[in-house]
Amino acid sequence: MITRGGPGGDVLVAADAAEHAALAAELMARAIHGAVEERGVARLALSGGSTPAEAYRRLAALDLPWARTEWFWVDERAVPPDSPRSNYRAASADLALGDGRVPPAAVHRLEADAPDLEAAAARCEGVLRRTFGVAAAVSFDVMTLGIGEDGHTASLFPGTGAVAIDDRLVAAIPEQPGSKLEARLTLTAPVIHEAQLVVVLCRGESKRAIVAAARQAGAEEEVPARTIRRVKGRAIWLLDREAAGDLKRR
Ligand code: 6PG
């Protein structure tokens, strides 16, 4: 049951990892069917990380209008597309995007392995503007987001100013000094805000505190995932019981 969650977004609590993945796939599938019925195409932006993997695998098993879907990424690490660290590699495998159901031209990798990350960001922005129309909002039908324990979402890390970037669609995020984080390419907060549906995928006790902090008003620079509160479409926080804590089914 989805709990109406107010400005923080709706909350859906899964009983376990299997239900979490099944519900995520169902939410994504419904949005894909709806977008294709309404406009003939469904455009998705995928986050990486570990949580979405099973959801993507379950989605891959569903009967969808695959030929009418277009796939983008929310962010990407500065690694080659065949790297085990690549979000493109992981999601393409989990969704079986290379099995012929989706036209190769409909899969749009963020080229975070390019030598000039700023130029790559500009190219990726150009793809978005050509895809959605120069004068139209870049409004994904479905966007999956995760949250790091530090409060980041996408590759908008706290204390970097990235969540405040609002003059471009795709940003180059330099390697974070003193951290293990590679340089990245990421969609910016304004693109997150324009999404029709954002599915926030969080599981585990370790995310409970940051989920609660992200759903509360406060400085986005401190907890960049708070930017999800400004999603113009619908945000559904798909949690397991451990991550939900007090955000139980009401
Ligand atoms: C990435 C992701 C990132 C991820 C969070 C949560 O490139 O790592 O896009 O934003 O969603 O770090 O990751 P987990 O699902 O592994 O906790």
# chains A, B, ... in the order shown; residues from 1 in each chain; ligands from 1

$ select_by_dssp --residues "stretch 136-190 of chain A" --states "helix (DSSP H, G or I)" --output "PyMOL selection string"
chain A and resi 162-164+189-190

$ residues_near_ligand --ligand "ligand 1" --cutoff "10 Å" --atoms "only C-alpha atoms and all ligand atoms" --output "ChimeraX atom specification"
/A:46-53,73-77,85-88,144-157,181-182,184-186,200-204,206-207,225

$ closest_residue --among "A:Ala45, A:Ala15, A:Gly9, A:Glu111" --to "A:Glu242" --atoms "only C-alpha atoms"
A:Ala15

$ residues_around --residues "stretch 18-33 of chain A" --least-positions-apart "5" --cutoff "7 Å" --atoms "only C-alpha atoms" --output "ChimeraX atom specification"
/A:42,54-56,58-59,141-142,240

$ write_last_selection --atoms "N, CA, C and O atoms" --output "tab-separated table (two decimals), in the first residue's frame"
chain	number	residue	atom	x	y	z
A	42	ALA	N	8.51	5.77	-24.18
A	42	ALA	CA	8.78	5.90	-22.73
A	42	ALA	C	10.28	6.14	-22.57
A	42	ALA	O	11.10	5.40	-23.15
A	54	GLU	N	18.35	-6.03	-8.92
A	54	GLU	CA	17.32	-7.07	-9.00
A	54	GLU	C	16.04	-6.51	-9.61
A	54	GLU	O	15.33	-7.19	-10.36
A	55	ALA	N	15.75	-5.25	-9.32
A	55	ALA	CA	14.55	-4.63	-9.91
A	55	ALA	C	14.69	-4.58	-11.43
A	55	ALA	O	13.75	-4.89	-12.17
A	56	TYR	N	15.90	-4.23	-11.91
A	56	TYR	CA	16.11	-4.17	-13.36
A	56	TYR	C	15.99	-5.58	-13.97
A	56	TYR	O	15.43	-5.76	-15.05
A	58	ARG	N	14.15	-8.02	-12.88
A	58	ARG	CA	12.73	-8.37	-12.92
A	58	ARG	C	12.01	-7.60	-14.04
A	58	ARG	O	11.13	-8.13	-14.72
A	59	LEU	N	12.38	-6.35	-14.24
A	59	LEU	CA	11.75	-5.57	-15.32
A	59	LEU	C	12.06	-6.21	-16.67
A	59	LEU	O	11.20	-6.30	-17.54
A	141	ASP	N	10.02	9.93	-18.06
A	141	ASP	CA	8.79	9.29	-17.59
A	141	ASP	C	9.04	8.54	-16.28
A	141	ASP	O	8.20	8.51	-15.39
A	142	VAL	N	10.23	7.94	-16.20
A	142	VAL	CA	10.61	7.23	-14.97
A	142	VAL	C	12.08	7.52	-14.70
A	142	VAL	O	12.90	7.47	-15.63
A	240	ASP	N	12.53	-0.85	2.15
A	240	ASP	CA	12.20	-2.05	2.91
A	240	ASP	C	11.96	-1.60	4.36
A	240	ASP	O	12.12	-0.42	4.70

$ residues_around --residues "A:Leu97" --least-positions-apart "4" --cutoff "10 Å" --atoms "only C-alpha atoms" --output "ChimeraX atom specification"
/A:60,66,71,89,91-93,101-104,106-107

$ write_last_selection --atoms "C-alpha atoms" --output "PDB file, in the first residue's frame"
ATOM      1  CA  ALA A  60      13.712  -7.308 -18.075  1.00  0.00           C
ATOM      2  CA  TRP A  66      10.628  -2.476 -25.563  1.00  0.00           C
ATOM      3  CA  TRP A  71      17.215   4.439 -21.924  1.00  0.00           C
ATOM      4  CA  ARG A  89      27.451  -2.002 -17.994  1.00  0.00           C
ATOM      5  CA  ALA A  91      22.088  -1.842 -15.991  1.00  0.00           C
ATOM      6  CA  SER A  92      22.518  -2.915 -19.623  1.00  0.00           C
ATOM      7  CA  ALA A  93      23.237  -6.438 -18.425  1.00  0.00           C
ATOM      8  CA  ARG A 101      14.406  -5.797 -28.102  1.00  0.00           C
ATOM      9  CA  VAL A 102      15.629  -2.197 -27.690  1.00  0.00           C
ATOM     10  CA  PRO A 103      17.073  -0.373 -30.716  1.00  0.00           C
ATOM     11  CA  PRO A 104      20.774   0.323 -30.005  1.00  0.00           C
ATOM     12  CA  ALA A 106      17.729   4.155 -27.979  1.00  0.00           C
ATOM     13  CA  VAL A 107      20.410   3.373 -25.396  1.00  0.00           C
TER      14      VAL A 107
END

$ atom_distance --atom1 "atom CA of A:Ile2" --atom2 "atom CA of A:Ala14"
10.1 Å

$ closest_residue --among "A:Val127, A:Val36, A:Arg241, A:His193" --to "A:Ala17" --atoms "only C-alpha atoms"
A:Arg241

$ residues_around --residues "A:Gly6" --least-positions-apart "5" --cutoff "10 Å" --atoms "only C-alpha atoms" --output "ChimeraX atom specification"
/A:11,215,229,235

$ residues_around --residues "A:Asp166" --least-positions-apart "5" --cutoff "7 Å" --atoms "only C-alpha atoms" --output "list in words"
Thr188, Ala189 and Pro190 of chain A

$ residues_around --residues "A:Ala114" --least-positions-apart "3" --cutoff "12 Å" --atoms "only C-alpha atoms" --output "CSV table (one decimal) with N, CA and C atoms, in the first residue's frame"
chain,number,residue,atom,x,y,z
A,76,GLU,N,27.2,8.5,-14.1
A,76,GLU,CA,28.1,7.4,-14.6
A,76,GLU,C,29.5,7.8,-14.0
A,77,ARG,N,30.2,6.7,-13.7
A,77,ARG,CA,31.6,6.9,-13.2
A,77,ARG,C,32.5,7.0,-14.3
A,78,ALA,N,33.7,7.7,-14.1
A,78,ALA,CA,34.7,7.9,-15.1
A,78,ALA,C,35.5,6.6,-15.3
A,79,VAL,N,34.8,5.6,-15.8
A,79,VAL,CA,35.4,4.3,-16.1
A,79,VAL,C,34.9,3.8,-17.5
A,80,PRO,N,35.7,2.9,-18.1
A,80,PRO,CA,35.2,2.4,-19.4
A,80,PRO,C,33.9,1.7,-19.3
A,81,PRO,N,33.1,1.6,-20.4
A,81,PRO,CA,31.8,1.0,-20.4
A,81,PRO,C,31.8,-0.5,-20.0
A,109,ARG,N,24.4,6.1,-23.4
A,109,ARG,CA,25.4,6.0,-22.4
A,109,ARG,C,25.9,7.4,-22.0
A,110,LEU,N,26.2,7.7,-20.8
A,110,LEU,CA,26.9,8.9,-20.4
A,110,LEU,C,28.4,8.5,-20.6
A,111,GLU,N,29.1,9.3,-21.4
A,111,GLU,CA,30.5,9.0,-21.8
A,111,GLU,C,31.4,9.5,-20.7
A,117,LEU,N,35.9,15.6,-19.7
A,117,LEU,CA,34.6,15.3,-19.1
A,117,LEU,C,33.6,16.5,-19.3
A,118,GLU,N,34.1,17.7,-19.3
A,118,GLU,CA,33.2,18.8,-19.6
A,118,GLU,C,32.6,18.8,-21.0
A,119,ALA,N,33.5,18.4,-21.9
A,119,ALA,CA,33.0,18.3,-23.3
A,119,ALA,C,32.0,17.1,-23.4
A,120,ALA,N,32.3,16.1,-22.7
A,120,ALA,CA,31.4,14.9,-22.7
A,120,ALA,C,30.0,15.3,-22.1
A,121,ALA,N,30.0,16.1,-21.1
A,121,ALA,CA,28.8,16.6,-20.4
A,121,ALA,C,28.0,17.4,-21.4
A,122,ALA,N,28.7,18.2,-22.2
A,122,ALA,CA,28.0,19.1,-23.2
A,122,ALA,C,27.4,18.2,-24.3
A,123,ARG,N,28.1,17.2,-24.7
A,123,ARG,CA,27.6,16.3,-25.7
A,123,ARG,C,26.3,15.6,-25.2
A,124,CYS,N,26.4,15.1,-24.0
A,124,CYS,CA,25.3,14.3,-23.4
A,124,CYS,C,24.1,15.3,-23.3
A,172,ALA,N,29.8,17.7,-15.1
A,172,ALA,CA,31.0,16.9,-14.9
A,172,ALA,C,31.4,17.1,-13.4
A,183,ALA,N,35.9,10.6,-10.8
A,183,ALA,CA,35.1,11.7,-11.5
A,183,ALA,C,33.8,11.1,-12.0
A,184,ARG,N,32.9,11.9,-12.2
A,184,ARG,CA,31.5,11.4,-12.7
A,184,ARG,C,30.9,12.3,-13.7
A,185,LEU,N,29.9,11.8,-14.4
A,185,LEU,CA,28.9,12.7,-15.1
A,185,LEU,C,27.6,12.4,-14.4

$ atom_distance --atom1 "atom CA of A:Ala136" --atom2 "atom CA of A:Leu169"
12.6 Å

$ atom_distance --atom1 "atom CA of A:Pro174" --atom2 "atom CA of A:Ala219"
22.0 Å

$ closest_residue --among "A:Val134, A:Gly161, A:Ala90, A:Arg230" --to "A:Ala217" --atoms "only C-alpha atoms"
A:Arg230

$ closest_residue --among "A:Leu238, A:Ile210, A:Leu197, A:Ala243" --to "A:Thr3" --atoms "only C-alpha atoms"
A:Leu238

$ closest_residue --among "A:Val13, A:Ile173, A:Ala162, A:Leu239" --to "A:Arg208" --atoms "only C-alpha atoms"
A:Leu239

$ select_by_dssp --residues "stretch 17-142 of chain A" --states "strand (DSSP E or B)" --output "PyMOL selection string"
chain A and resi 42-46+69-73+75-77+107-108+142
